[in-house]
file coords13.cif (mmCIF, C-alpha atoms)
data_structure
loop_
_atom_site.label_atom_id
_atom_site.label_comp_id
_atom_site.auth_asym_id
_atom_site.auth_seq_id
_atom_site.Cartn_x
_atom_site.Cartn_y
_atom_site.Cartn_z
CA MET A 1 33.18 -10.18 -10.02
CA LYS A 2 33.79 -8.87 -13.49
CA THR A 3 37.21 -7.45 -14.31
CA ASP A 4 35.30 -4.51 -15.79
CA MET A 5 34.18 -3.44 -12.37
CA LEU A 6 37.80 -3.38 -11.18
CA THR A 7 38.82 -1.42 -14.27
CA ASP A 8 36.03 1.07 -13.63
CA TRP A 9 36.88 1.52 -9.99
CA GLN A 10 40.66 1.76 -10.11
CA PRO A 11 40.78 5.37 -11.40
CA LYS A 12 38.04 6.41 -8.96
CA LEU A 13 39.99 4.95 -6.05
CA LEU A 14 43.15 6.69 -7.23
CA ALA A 15 41.22 9.97 -7.37
CA ILE A 16 40.17 9.54 -3.75
CA ALA A 17 43.75 8.68 -2.78
CA VAL A 18 45.37 11.63 -4.56
CA ALA A 19 42.94 14.06 -2.97
CA GLN A 20 44.89 13.41 0.27
CA PRO A 21 48.29 15.02 0.75
CA HIS A 22 51.15 12.63 0.04
CA GLY A 23 54.63 13.91 0.00
CA ASP A 24 57.77 11.94 0.30
CA GLY A 25 59.15 9.55 -2.27
CA ALA A 26 58.57 6.54 -0.02
CA HIS A 27 54.84 6.88 0.58
CA ASP A 28 53.46 7.77 -2.78
CA LEU A 29 50.95 6.41 -5.23
CA ASN A 30 53.45 3.82 -6.39
CA HIS A 31 53.26 2.23 -2.97
CA LEU A 32 49.49 1.87 -3.46
CA HIS A 33 49.98 0.30 -6.90
CA ARG A 34 52.53 -2.12 -5.48
CA VAL A 35 50.29 -3.15 -2.62
CA TRP A 36 47.49 -3.85 -5.08
CA ALA A 37 49.89 -5.80 -7.30
CA ASN A 38 50.97 -7.86 -4.27
CA ALA A 39 47.32 -8.43 -3.34
CA ARG A 40 46.54 -9.75 -6.82
CA SER A 41 49.45 -12.19 -6.56
CA LEU A 42 48.11 -13.38 -3.22
CA MET A 43 44.57 -13.77 -4.60
CA ARG A 44 45.86 -15.80 -7.54
CA ALA A 45 47.71 -18.06 -5.11
CA GLN A 46 44.75 -18.39 -2.75
CA ALA A 47 43.81 -22.07 -2.82
CA ASP A 48 40.90 -21.79 -0.44
CA GLY A 49 38.67 -19.52 -2.21
CA ALA A 50 37.34 -16.38 -2.89
CA ALA A 51 38.27 -12.97 -1.72
CA ASP A 52 36.19 -10.13 -3.14
CA PRO A 53 38.71 -8.36 -5.39
CA LEU A 54 36.81 -5.07 -5.42
CA VAL A 55 36.94 -4.90 -1.62
CA VAL A 56 40.64 -5.80 -1.68
CA MET A 57 41.41 -3.24 -4.38
CA ALA A 58 39.55 -0.44 -2.59
CA ALA A 59 41.31 -1.19 0.69
CA CYS A 60 44.72 -1.36 -1.02
CA TYR A 61 44.31 2.06 -2.61
CA LEU A 62 42.81 3.74 0.45
CA HIS A 63 44.68 2.08 3.33
CA ASP A 64 47.04 5.04 3.83
CA LEU A 65 44.48 7.84 3.38
CA VAL A 66 45.44 9.28 6.75
CA ASN A 67 49.18 8.86 7.20
CA LEU A 68 50.67 10.11 10.46
CA PRO A 69 54.39 10.23 11.31
CA LYS A 70 55.78 7.48 13.54
CA ASN A 71 56.07 9.84 16.50
CA HIS A 72 52.59 11.39 16.11
CA PRO A 73 50.40 10.97 19.24
CA GLN A 74 47.44 9.78 17.11
CA ARG A 75 49.58 7.32 15.15
CA ALA A 76 47.69 4.30 16.53
CA SER A 77 44.43 5.81 15.27
CA ALA A 78 45.65 6.47 11.74
CA SER A 79 44.13 3.31 10.28
CA ARG A 80 40.75 4.03 11.91
CA LEU A 81 40.87 7.58 10.56
CA SER A 82 41.79 6.17 7.14
CA GLY A 83 38.86 3.76 7.34
CA ALA A 84 36.44 6.57 8.16
CA ALA A 85 37.81 8.79 5.40
CA ALA A 86 37.58 5.90 2.95
CA ARG A 87 33.96 5.23 3.88
CA THR A 88 33.04 8.84 3.16
CA GLY A 89 35.01 8.97 -0.08
CA LEU A 90 33.58 5.67 -1.33
CA GLN A 91 30.01 6.62 -0.45
CA ASP A 92 30.37 9.89 -2.31
CA ALA A 93 31.72 7.99 -5.31
CA GLY A 94 28.81 5.53 -5.32
CA PHE A 95 30.71 2.45 -4.15
CA PRO A 96 28.45 -0.61 -3.64
CA ALA A 97 27.02 -0.08 -0.14
CA GLY A 98 27.09 -3.75 0.83
CA ARG A 99 30.85 -3.86 0.45
CA LEU A 100 31.74 -0.75 2.43
CA ASP A 101 32.13 -2.51 5.77
CA GLY A 102 34.51 -5.01 4.22
CA VAL A 103 36.72 -2.27 2.87
CA VAL A 104 36.71 -0.31 6.11
CA HIS A 105 37.60 -3.38 8.17
CA ALA A 106 40.48 -4.24 5.86
CA ILE A 107 41.82 -0.69 6.16
CA GLU A 108 41.48 -0.57 9.93
CA ALA A 109 43.12 -3.94 10.42
CA HIS A 110 46.09 -3.41 8.10
CA SER A 111 48.19 -1.46 10.57
CA PHE A 112 50.54 -2.77 13.26
CA SER A 113 49.82 -0.02 15.70
CA ALA A 114 46.03 -0.26 15.55
CA ALA A 115 46.11 -3.82 16.96
CA ILE A 116 42.85 -4.80 15.27
CA GLY A 117 42.70 -8.43 14.17
CA ALA A 118 41.98 -9.13 10.52
CA THR A 119 38.83 -11.25 10.52
CA THR A 120 38.06 -11.47 6.79
CA LEU A 121 40.08 -12.98 3.96
CA GLU A 122 40.12 -9.57 2.26
CA ALA A 123 41.62 -7.92 5.35
CA LYS A 124 44.24 -10.67 5.64
CA ILE A 125 45.24 -10.22 2.02
CA VAL A 126 45.52 -6.43 2.31
CA GLN A 127 47.62 -6.70 5.46
CA ASP A 128 49.98 -9.23 3.87
CA ALA A 129 50.18 -7.24 0.65
CA ASP A 130 51.15 -4.06 2.50
CA ARG A 131 53.81 -5.86 4.56
CA LEU A 132 55.24 -7.59 1.50
CA ASP A 133 56.05 -4.16 0.10
CA GLY A 134 58.51 -3.61 2.94
CA LEU A 135 60.35 -6.83 2.14
CA GLY A 136 61.11 -6.36 -1.55
CA ALA A 137 63.73 -4.46 -3.52
CA VAL A 138 61.61 -1.32 -3.27
CA GLY A 139 61.25 -1.88 0.47
CA LEU A 140 65.02 -2.01 0.80
CA ALA A 141 65.38 1.22 -1.16
CA ARG A 142 62.71 2.87 1.00
CA LEU A 143 64.46 1.82 4.20
CA PHE A 144 67.64 3.69 3.32
CA TYR A 145 65.75 6.57 1.69
CA ILE A 146 63.86 7.21 4.92
CA ALA A 147 67.11 6.92 6.92
CA GLY A 148 68.55 9.64 4.69
CA GLN A 149 65.55 11.85 5.31
CA MET A 150 65.91 11.38 9.07
CA SER A 151 69.73 11.63 8.94
CA SER A 152 70.17 8.46 10.95
CA ALA A 153 73.30 6.38 10.36
CA LEU A 154 73.50 3.60 7.78
CA ALA A 155 74.80 1.16 10.39
CA ASP A 156 76.80 0.98 13.59
CA GLY A 157 80.44 1.67 12.81
CA ALA A 158 82.00 -1.18 14.74
CA ASP A 159 79.15 -3.67 15.06
CA PRO A 160 76.74 -3.44 12.11
CA LEU A 161 75.11 -6.81 12.89
CA ALA A 162 74.46 -5.84 16.54
CA LEU A 163 76.31 -8.88 17.86
CA GLN A 164 77.36 -7.06 21.05
CA ARG A 165 74.73 -4.36 21.46
CA PRO A 166 70.94 -4.02 21.48
CA LEU A 167 69.29 -3.38 18.11
CA ASP A 168 68.34 0.27 17.55
CA ASP A 169 66.66 1.04 14.24
CA ARG A 170 66.16 4.71 15.06
CA ARG A 171 69.92 5.19 15.06
CA TYR A 172 70.96 2.57 12.51
CA ALA A 173 69.06 1.96 9.29
CA LEU A 174 70.46 -1.55 8.84
CA ASP A 175 69.00 -2.60 12.20
CA HIS A 176 65.49 -2.13 10.78
CA ILE A 177 65.85 -5.43 8.92
CA MET A 178 66.13 -7.31 12.23
CA VAL A 179 63.89 -5.08 14.35
CA LYS A 180 60.92 -5.18 12.03
CA LEU A 181 61.27 -6.78 8.60
CA SER A 182 62.56 -10.13 9.83
CA LYS A 183 59.40 -10.54 11.91
CA LEU A 184 56.96 -9.95 9.07
CA PRO A 185 56.86 -13.39 7.39
CA ALA A 186 55.80 -15.15 10.61
CA MET A 187 53.03 -12.60 11.06
CA MET A 188 51.59 -13.11 7.59
CA GLN A 189 47.92 -14.06 7.51
CA THR A 190 47.87 -16.08 4.30
CA ASP A 191 50.02 -19.04 3.25
CA ALA A 192 50.95 -17.34 0.01
CA GLY A 193 51.93 -14.18 1.88
CA ARG A 194 54.13 -16.16 4.26
CA ALA A 195 55.85 -18.05 1.44
CA LEU A 196 56.55 -14.90 -0.57
CA GLY A 197 57.57 -13.03 2.59
CA GLU A 198 60.11 -15.71 3.50
CA GLN A 199 61.59 -15.66 0.00
CA ARG A 200 62.00 -11.91 0.10
CA LEU A 201 63.36 -11.90 3.64
CA ALA A 202 66.04 -14.40 2.64
CA ARG A 203 67.28 -11.89 0.07
CA LEU A 204 67.25 -9.07 2.61
CA MET A 205 69.23 -11.17 5.05
CA ALA A 206 71.79 -11.95 2.33
CA PHE A 207 72.04 -8.22 1.64
CA ARG A 208 72.58 -7.58 5.35
CA GLN A 209 75.44 -10.08 5.52
CA GLU A 210 77.04 -8.63 2.43
CA PHE A 211 76.68 -5.10 3.77
CA ALA A 212 78.28 -6.11 7.07
CA ALA A 213 81.14 -7.91 5.35
CA GLU A 214 81.99 -4.80 3.32
CA TRP A 215 81.47 -2.54 6.29
CA THR A 216 83.70 -4.31 8.77
CA ASP A 217 86.36 -5.76 6.48
CA ALA A 218 88.82 -3.13 7.73
CA ALA A 219 91.86 -3.73 9.88
CA MET B 1 107.15 -3.10 3.80
CA LYS B 2 106.57 -4.39 7.26
CA THR B 3 103.00 -4.79 8.41
CA ASP B 4 104.15 -2.97 11.55
CA MET B 5 104.56 0.22 9.59
CA LEU B 6 100.97 -0.05 8.38
CA THR B 7 99.77 -0.75 11.89
CA ASP B 8 101.67 2.27 13.17
CA TRP B 9 100.37 4.59 10.51
CA GLN B 10 96.70 3.63 10.37
CA PRO B 11 95.73 5.49 13.58
CA LYS B 12 97.80 8.51 12.56
CA LEU B 13 96.07 8.65 9.19
CA LEU B 14 92.69 8.35 10.87
CA ALA B 15 93.62 11.22 13.16
CA ILE B 16 94.39 13.41 10.14
CA ALA B 17 91.11 12.35 8.51
CA VAL B 18 88.92 13.00 11.56
CA ALA B 19 90.40 16.46 12.00
CA GLN B 20 88.40 17.40 8.88
CA PRO B 21 84.67 17.93 9.14
CA HIS B 22 82.68 14.91 7.97
CA GLY B 23 79.01 14.88 8.44
CA ASP B 24 76.49 12.73 6.74
CA GLY B 25 76.10 8.99 7.16
CA ALA B 26 77.25 8.28 3.62
CA HIS B 27 80.68 9.93 3.69
CA ASP B 28 82.08 8.95 7.00
CA LEU B 29 85.09 7.16 8.36
CA ASN B 30 83.54 3.83 7.48
CA HIS B 31 83.83 4.79 3.83
CA LEU B 32 87.58 5.27 4.37
CA HIS B 33 87.88 1.89 6.07
CA ARG B 34 85.97 0.21 3.24
CA VAL B 35 88.13 1.82 0.57
CA TRP B 36 91.24 0.59 2.36
CA ALA B 37 89.71 -2.89 2.70
CA ASN B 38 88.96 -2.88 -1.05
CA ALA B 39 92.49 -1.71 -1.78
CA ARG B 40 93.94 -4.58 0.25
CA SER B 41 91.83 -7.07 -1.74
CA LEU B 42 93.12 -5.54 -4.94
CA MET B 43 96.73 -5.68 -3.75
CA ARG B 44 96.36 -9.35 -2.79
CA ALA B 45 94.99 -10.06 -6.28
CA GLN B 46 97.67 -8.06 -8.04
CA ALA B 47 99.60 -10.56 -10.15
CA ASP B 48 102.07 -8.07 -11.56
CA GLY B 49 103.74 -6.86 -8.57
CA ALA B 50 104.21 -4.56 -6.02
CA ALA B 51 102.23 -1.59 -4.95
CA ASP B 52 103.60 0.24 -1.91
CA PRO B 53 100.93 -0.51 0.72
CA LEU B 54 101.84 2.48 2.91
CA VAL B 55 101.28 4.86 0.00
CA VAL B 56 98.00 3.11 -0.85
CA MET B 57 96.80 3.17 2.75
CA ALA B 58 97.64 6.85 3.23
CA ALA B 59 95.84 7.80 0.01
CA CYS B 60 92.78 5.68 0.93
CA TYR B 61 92.39 7.37 4.30
CA LEU B 62 93.08 10.90 3.06
CA HIS B 63 91.46 10.89 -0.40
CA ASP B 64 88.34 12.75 0.76
CA LEU B 65 90.05 15.26 3.08
CA VAL B 66 88.40 18.10 1.20
CA ASN B 67 84.90 17.02 0.24
CA LEU B 68 82.80 19.53 -1.71
CA PRO B 69 79.13 19.09 -2.66
CA LYS B 70 78.34 18.00 -6.24
CA ASN B 71 77.14 21.49 -7.19
CA HIS B 72 80.06 23.37 -5.59
CA PRO B 73 81.96 25.59 -8.09
CA GLN B 74 85.32 24.24 -6.85
CA ARG B 75 84.15 20.62 -7.00
CA ALA B 76 86.64 19.74 -9.75
CA SER B 77 89.49 20.98 -7.53
CA ALA B 78 88.49 18.99 -4.45
CA SER B 79 90.95 16.17 -5.08
CA ARG B 80 93.81 18.65 -5.61
CA LEU B 81 92.86 20.43 -2.40
CA SER B 82 92.72 17.05 -0.65
CA GLY B 83 96.16 16.20 -1.99
CA ALA B 84 97.61 19.47 -0.71
CA ALA B 85 95.96 19.06 2.69
CA ALA B 86 97.22 15.48 2.89
CA ARG B 87 100.77 16.58 2.10
CA THR B 88 100.73 19.08 4.95
CA GLY B 89 99.12 16.66 7.39
CA LEU B 90 101.53 13.86 6.51
CA GLN B 91 104.59 16.09 6.71
CA ASP B 92 103.51 17.28 10.13
CA ALA B 93 103.07 13.68 11.22
CA GLY B 94 106.53 12.67 10.01
CA PHE B 95 105.47 10.53 7.04
CA PRO B 96 108.42 9.21 4.98
CA ALA B 97 109.28 12.11 2.67
CA GLY B 98 110.11 9.94 -0.33
CA ARG B 99 106.59 8.57 -0.43
CA LEU B 100 104.70 11.86 -0.18
CA ASP B 101 104.49 12.46 -3.92
CA GLY B 102 103.03 9.00 -4.46
CA VAL B 103 100.30 9.60 -1.93
CA VAL B 104 99.46 13.04 -3.30
CA HIS B 105 99.27 11.75 -6.87
CA ALA B 106 96.95 8.90 -5.86
CA ILE B 107 94.66 11.34 -4.04
CA GLU B 108 94.61 13.84 -6.91
CA ALA B 109 93.92 11.15 -9.51
CA HIS B 110 91.16 9.31 -7.64
CA SER B 111 88.37 11.67 -8.61
CA PHE B 112 86.23 11.66 -11.73
CA SER B 113 85.90 15.39 -11.93
CA ALA B 114 89.60 16.18 -11.58
CA ALA B 115 90.37 14.37 -14.87
CA ILE B 116 93.92 13.54 -13.82
CA GLY B 117 95.18 10.22 -15.15
CA ALA B 118 96.44 7.68 -12.62
CA THR B 119 100.02 6.99 -13.62
CA THR B 120 101.18 4.77 -10.73
CA LEU B 121 99.96 1.36 -9.61
CA GLU B 122 99.16 2.85 -6.21
CA ALA B 123 96.96 5.54 -7.77
CA LYS B 124 95.18 2.93 -9.92
CA ILE B 125 94.46 0.79 -6.88
CA VAL B 126 93.12 3.70 -4.84
CA GLN B 127 90.87 4.83 -7.69
CA ASP B 128 89.48 1.32 -8.20
CA ALA B 129 89.03 0.79 -4.47
CA ASP B 130 87.05 4.01 -4.10
CA ARG B 131 84.82 3.18 -7.07
CA LEU B 132 84.23 -0.36 -5.85
CA ASP B 133 82.65 1.09 -2.74
CA GLY B 134 79.87 2.56 -4.88
CA LEU B 135 79.08 -0.85 -6.38
CA GLY B 136 78.57 -2.95 -3.27
CA ALA B 137 75.75 -3.46 -0.81
CA VAL B 138 76.88 -0.40 1.12
CA GLY B 139 77.00 1.57 -2.15
CA LEU B 140 73.40 0.61 -2.85
CA ALA B 141 72.36 1.72 0.62
CA ARG B 142 74.24 5.02 0.21
CA LEU B 143 72.56 5.68 -3.13
CA PHE B 144 69.08 5.65 -1.62
CA TYR B 145 70.24 7.32 1.61
CA ILE B 146 71.55 10.28 -0.37
CA ALA B 147 68.33 10.39 -2.43
CA GLY B 148 66.40 10.65 0.82
CA GLN B 149 68.61 13.50 1.98
CA MET B 150 68.03 15.35 -1.29
CA SER B 151 64.33 14.38 -1.41
CA SER B 152 64.58 13.12 -4.96
CA ALA B 153 62.23 10.34 -6.08
CA LEU B 154 63.07 6.65 -5.75
CA ALA B 155 62.25 6.06 -9.42
CA ASP B 156 60.09 7.32 -12.26
CA GLY B 157 56.50 6.33 -11.58
CA ALA B 158 55.61 4.95 -14.98
CA ASP B 159 59.01 4.12 -16.47
CA PRO B 160 61.53 3.15 -13.77
CA LEU B 161 63.95 1.58 -16.28
CA ALA B 162 63.94 4.69 -18.52
CA LEU B 163 62.89 2.72 -21.57
CA GLN B 164 61.08 5.72 -23.07
CA ARG B 165 62.79 8.71 -21.51
CA PRO B 166 66.31 10.05 -20.94
CA LEU B 167 68.02 8.94 -17.73
CA ASP B 168 67.97 11.57 -14.99
CA ASP B 169 69.69 10.61 -11.75
CA ARG B 170 69.07 13.98 -10.14
CA ARG B 171 65.34 13.27 -10.19
CA TYR B 172 65.34 9.48 -9.86
CA ALA B 173 67.63 7.59 -7.50
CA LEU B 174 67.32 4.32 -9.43
CA ASP B 175 68.67 6.00 -12.58
CA HIS B 176 72.03 6.46 -10.83
CA ILE B 177 72.79 2.77 -11.41
CA MET B 178 72.71 3.31 -15.18
CA VAL B 179 74.02 6.89 -15.29
CA LYS B 180 77.11 6.23 -13.23
CA LEU B 181 77.56 2.87 -11.53
CA SER B 182 77.13 0.75 -14.66
CA LYS B 183 80.06 2.59 -16.26
CA LEU B 184 82.52 1.99 -13.43
CA PRO B 185 83.73 -1.57 -14.18
CA ALA B 186 84.90 -0.62 -17.68
CA MET B 187 86.81 2.33 -16.22
CA MET B 188 88.66 0.25 -13.65
CA GLN B 189 92.43 0.52 -13.81
CA THR B 190 93.36 -2.93 -12.50
CA ASP B 191 92.23 -6.36 -13.69
CA ALA B 192 91.16 -7.33 -10.19
CA GLY B 193 89.17 -4.11 -9.84
CA ARG B 194 87.41 -4.75 -13.13
CA ALA B 195 86.55 -8.35 -12.23
CA LEU B 196 85.21 -7.44 -8.80
CA GLY B 197 83.40 -4.42 -10.24
CA GLU B 198 81.66 -6.56 -12.84
CA GLN B 199 80.55 -9.05 -10.20
CA ARG B 200 79.11 -6.34 -8.03
CA LEU B 201 77.48 -4.55 -10.94
CA ALA B 202 75.69 -7.76 -11.94
CA ARG B 203 74.06 -7.83 -8.51
CA LEU B 204 73.06 -4.17 -8.78
CA MET B 205 71.52 -4.80 -12.20
CA ALA B 206 69.56 -7.74 -10.77
CA PHE B 207 68.36 -5.47 -7.97
CA ARG B 208 67.30 -2.87 -10.55
CA GLN B 209 65.24 -5.43 -12.50
CA GLU B 210 63.61 -6.68 -9.32
CA PHE B 211 62.85 -3.15 -8.20
CA ALA B 212 61.29 -2.32 -11.56
CA ALA B 213 59.21 -5.51 -11.60
CA GLU B 214 57.74 -4.69 -8.18
CA TRP B 215 57.32 -1.04 -9.08
CA THR B 216 55.44 -1.47 -12.35
CA ASP B 217 53.55 -4.69 -11.70
CA ALA B 218 50.33 -2.67 -11.34
CA ALA B 219 47.41 -2.70 -13.74
#
call {"tool": "encode", "arguments": {"input": "coords13.cif", "output": "structure tokens"}}
result
Amino acid sequence: MKTDMLTDWQPKLLAIAVAQPHGDGAHDLNHLHRVWANARSLMRAQADGAADPLVVMAACYLHDLVNLPKNHPQRASASRLSGAAARTGLQDAGFPAGRLDGVVHAIEAHSFSAAIGATTLEAKIVQDADRLDGLGAVGLARLFYIAGQMSSALADGADPLALQRPLDDRRYALDHIMVKLSKLPAMMQTDAGRALGEQRLARLMAFRQEFAAEWTDAA
Amino acid sequence: MKTDMLTDWQPKLLAIAVAQPHGDGAHDLNHLHRVWANARSLMRAQADGAADPLVVMAACYLHDLVNLPKNHPQRASASRLSGAAARTGLQDAGFPAGRLDGVVHAIEAHSFSAAIGATTLEAKIVQDADRLDGLGAVGLARLFYIAGQMSSALADGADPLALQRPLDDRRYALDHIMVKLSKLPAMMQTDAGRALGEQRLARLMAFRQEFAAEWTDAA
């Protein structure tokens, strides 16, 4: 794989991505760039071999082509719809035909709700790269940004750490760290993804403790 | 000052505070509790003497009684209006008359936009305590929560650190750290407030660097 081919394809992939409506500040093109940046880190760290970077890059940029809200009835199909839309867009753009299936599989398998196992190294890398984005500093900012958009609470007034109540991340933004983010490292598909995920989660957990200490340090 | 008096007054102050409309998740009663918790830390650290804790507590709980949006024409008068409302509420509740002026001054002087200098130790502590809340983990969460409510962007796509452009925290949430929060420690009125503010700011600056590294690490 020549770097040239990646350089050639990146703007074409972006063009396909921007042709779809994106709106809010949390799911924008920067998310796609970050996922691709994460994927490159994971590929550099990959001891056992050789993911196809063009397939990974295409899947990173097109994995959210069809983005449905969490409460949408077709939510579980969004990654399949994204895969189909990506296939069409890539074919139209003259993407190497032999690599299309690899891209589509990586897109379909990236999502939680689709419940499709990632069977290729490329798909594993894309899935880990996408999940890593939720665990970083930007992921933390997105968590509270989305809570603001939905007007949920920052945290439970009396029990921010949910010591005496069930977790509820629809009501309390802080709960999302435990409900979802804390589970991501163990679900990572690559060793590098797991290691980086654990590092980032440790920082989120420290943030959570600090938040709770400030929040409840009142007589 | 007996602790009993504080214990007696805290629920009465809360009752005055909740009688005012509060709405969003960022400016709620928890903010008042955190400001009072900060104020107690500052009082414990106060080498040179003796703030009146009842005055401090009353001002902490009532400082936002009248809370106007940033673009409201009477915004600069909000702290004066809060002071007047607090005086009435406290009088009705039988607050010690000799301490009313101290509470009202601390409330009036806490706000940036009022431009009233804090002349008493109590007012200095309340101002620092309120500003410290913007610099902690909860402050960071609030920053992005409010950005989500206003649908501004998380950060500038190409230049999150504003290396080549003017800062603009109405468009970019991340810019708020430099536009406002980074200036708070130097404006603190007590030594303890400044020390704690600098500590917290260092963590926010580290977050900002991390955010920017994730955000721009794309080819």
call {"tool": "resolve_selection", "arguments": {"input": "coords13.cif", "expression": "the PyMOL selection byres ((chain B and resi 14) around 10)", "output": "ChimeraX atom specification"}}
result
/B:9-13,15-19,29,32-33,58,61-62
call {"tool": "resolve_selection", "arguments": {"input": "coords13.cif", "expression": "the PyMOL selection byres ((chain B and resi 145-155) around 6)", "output": "MDAnalysis selection string"}}
result
(chainID A and resid 25 144:146 148:149) or (chainID B and resid 142:144 156 160 171:174)
call {"tool": "closest_residue", "arguments": {"input": "coords13.cif", "among": "B:Gly89, B:Pro69, B:Gly83, B:Gly134", "to": "chain A", "atoms": "only C-alpha atoms"}}
result
B:Gly134
call {"tool": "closest_residue", "arguments": {"input": "coords13.cif", "among": "B:Lys124, B:His63, B:Arg87, B:Arg203", "to": "chain A", "atoms": "only C-alpha atoms"}}
result
B:Arg203
call {"tool": "resolve_selection", "arguments": {"input": "coords13.cif", "expression": "the PyMOL selection byres ((chain B and resi 176-193) around 8)", "output": "PyMOL selection string"}}
result
chain B and resi 42+45-46+124-125+127-129+131-132+134-135+143+167-169+172-175+194-198+201+204-205+208
call {"tool": "atom_distance", "arguments": {"input": "coords13.cif", "atom1": "CA of Arg75 in chain A", "atom2": "CA of His105 in chain A"}}
result
17.5 Å
call {"tool": "residues_around", "arguments": {"input": "coords13.cif", "residues": "Gly102 in chain A", "least_positions_apart": "2", "cutoff": "8 Å", "atoms": "only C-alpha atoms", "output": "PyMOL selection string"}}
result
chain A and resi 55+99-100+104-106+120+122-123
call {"tool": "write_last_selection", "arguments": {"input": "coords13.cif", "atoms": "C-alpha atoms", "output": "PDB file, in the coordinates of the input"}}
result
ATOM      1  CA  VAL A  55      36.940  -4.900  -1.620  1.00  0.00           C
ATOM      2  CA  ARG A  99      30.850  -3.860   0.450  1.00  0.00           C
ATOM      3  CA  LEU A 100      31.740  -0.750   2.430  1.00  0.00           C
ATOM      4  CA  VAL A 104      36.710  -0.310   6.110  1.00  0.00           C
ATOM      5  CA  HIS A 105      37.600  -3.380   8.170  1.00  0.00           C
ATOM      6  CA  ALA A 106      40.480  -4.240   5.860  1.00  0.00           C
ATOM      7  CA  THR A 120      38.060 -11.470   6.790  1.00  0.00           C
ATOM      8  CA  GLU A 122      40.120  -9.570   2.260  1.00  0.00           C
ATOM      9  CA  ALA A 123      41.620  -7.920   5.350  1.00  0.00           C
TER      10      ALA A 123
END
call {"tool": "closest_residue", "arguments": {"input": "coords13.cif", "among": "B:Ala59, B:Leu140, B:Ala202, B:Leu68", "to": "chain A", "atoms": "only C-alpha atoms"}}
result
B:Leu140
call {"tool": "residues_around", "arguments": {"input": "coords13.cif", "residues": "range 209-217 of chain A", "least_positions_apart": "5", "cutoff": "8 Å", "atoms": "only C-alpha atoms", "output": "ChimeraX atom specification"}}
result
/A:157-161 /B:30,33-34,37,136-138
call {"tool": "closest_residue", "arguments": {"input": "coords13.cif", "among": "B:Val35, B:Met5, B:Ala85, B:Val126", "to": "chain A", "atoms": "all atoms listed in the file"}}
result
B:Val35
call {"tool": "closest_residue", "arguments": {"input": "coords13.cif", "among": "A:Ala114, A:Leu90, A:Val103, A:Ala97", "to": "Pro53 in chain A", "atoms": "all atoms listed in the file"}}
result
A:Val103
call {"tool": "decode", "arguments": {"input": "coords13.cif", "residues": "range 10-18 of chain A", "atoms": "N, CA, C and O atoms", "output": "mmCIF file, in the first residue's frame"}}
result
data_model
loop_
_atom_site.group_PDB
_atom_site.id
_atom_site.type_symbol
_atom_site.label_atom_id
_atom_site.label_comp_id
_atom_site.auth_asym_id
_atom_site.auth_seq_id
_atom_site.Cartn_x
_atom_site.Cartn_y
_atom_site.Cartn_z
ATOM 1 N N GLN A 10 -8.259 10.126 0.617
ATOM 2 C CA GLN A 10 -8.838 10.828 1.775
ATOM 3 C C GLN A 10 -9.831 11.928 1.376
ATOM 4 O O GLN A 10 -10.964 11.953 1.887
ATOM 5 N N PRO A 11 -9.466 12.832 0.441
ATOM 6 C CA PRO A 11 -10.457 13.867 0.061
ATOM 7 C C PRO A 11 -11.698 13.282 -0.624
ATOM 8 O O PRO A 11 -12.802 13.807 -0.447
ATOM 9 N N LYS A 12 -11.527 12.189 -1.355
ATOM 10 C CA LYS A 12 -12.718 11.593 -1.999
ATOM 11 C C LYS A 12 -13.655 11.003 -0.957
ATOM 12 O O LYS A 12 -14.886 11.096 -1.073
ATOM 13 N N LEU A 13 -13.080 10.386 0.062
ATOM 14 C CA LEU A 13 -13.910 9.819 1.135
ATOM 15 C C LEU A 13 -14.629 10.930 1.898
ATOM 16 O O LEU A 13 -15.822 10.824 2.209
ATOM 17 N N LEU A 14 -13.901 11.999 2.174
ATOM 18 C CA LEU A 14 -14.519 13.146 2.846
ATOM 19 C C LEU A 14 -15.681 13.693 2.026
ATOM 20 O O LEU A 14 -16.727 14.059 2.574
ATOM 21 N N ALA A 15 -15.501 13.741 0.704
ATOM 22 C CA ALA A 15 -16.571 14.254 -0.167
ATOM 23 C C ALA A 15 -17.815 13.383 -0.065
ATOM 24 O O ALA A 15 -18.942 13.890 -0.027
ATOM 25 N N ILE A 16 -17.616 12.063 0.001
ATOM 26 C CA ILE A 16 -18.769 11.177 0.171
ATOM 27 C C ILE A 16 -19.413 11.433 1.540
ATOM 28 O O ILE A 16 -20.634 11.508 1.668
ATOM 29 N N ALA A 17 -18.585 11.593 2.556
ATOM 30 C CA ALA A 17 -19.113 11.797 3.919
ATOM 31 C C ALA A 17 -19.884 13.109 4.035
ATOM 32 O O ALA A 17 -20.953 13.147 4.639
ATOM 33 N N VAL A 18 -19.357 14.190 3.464
ATOM 34 C CA VAL A 18 -20.037 15.477 3.631
ATOM 35 C C VAL A 18 -21.312 15.574 2.812
ATOM 36 O O VAL A 18 -22.155 16.428 3.090
#
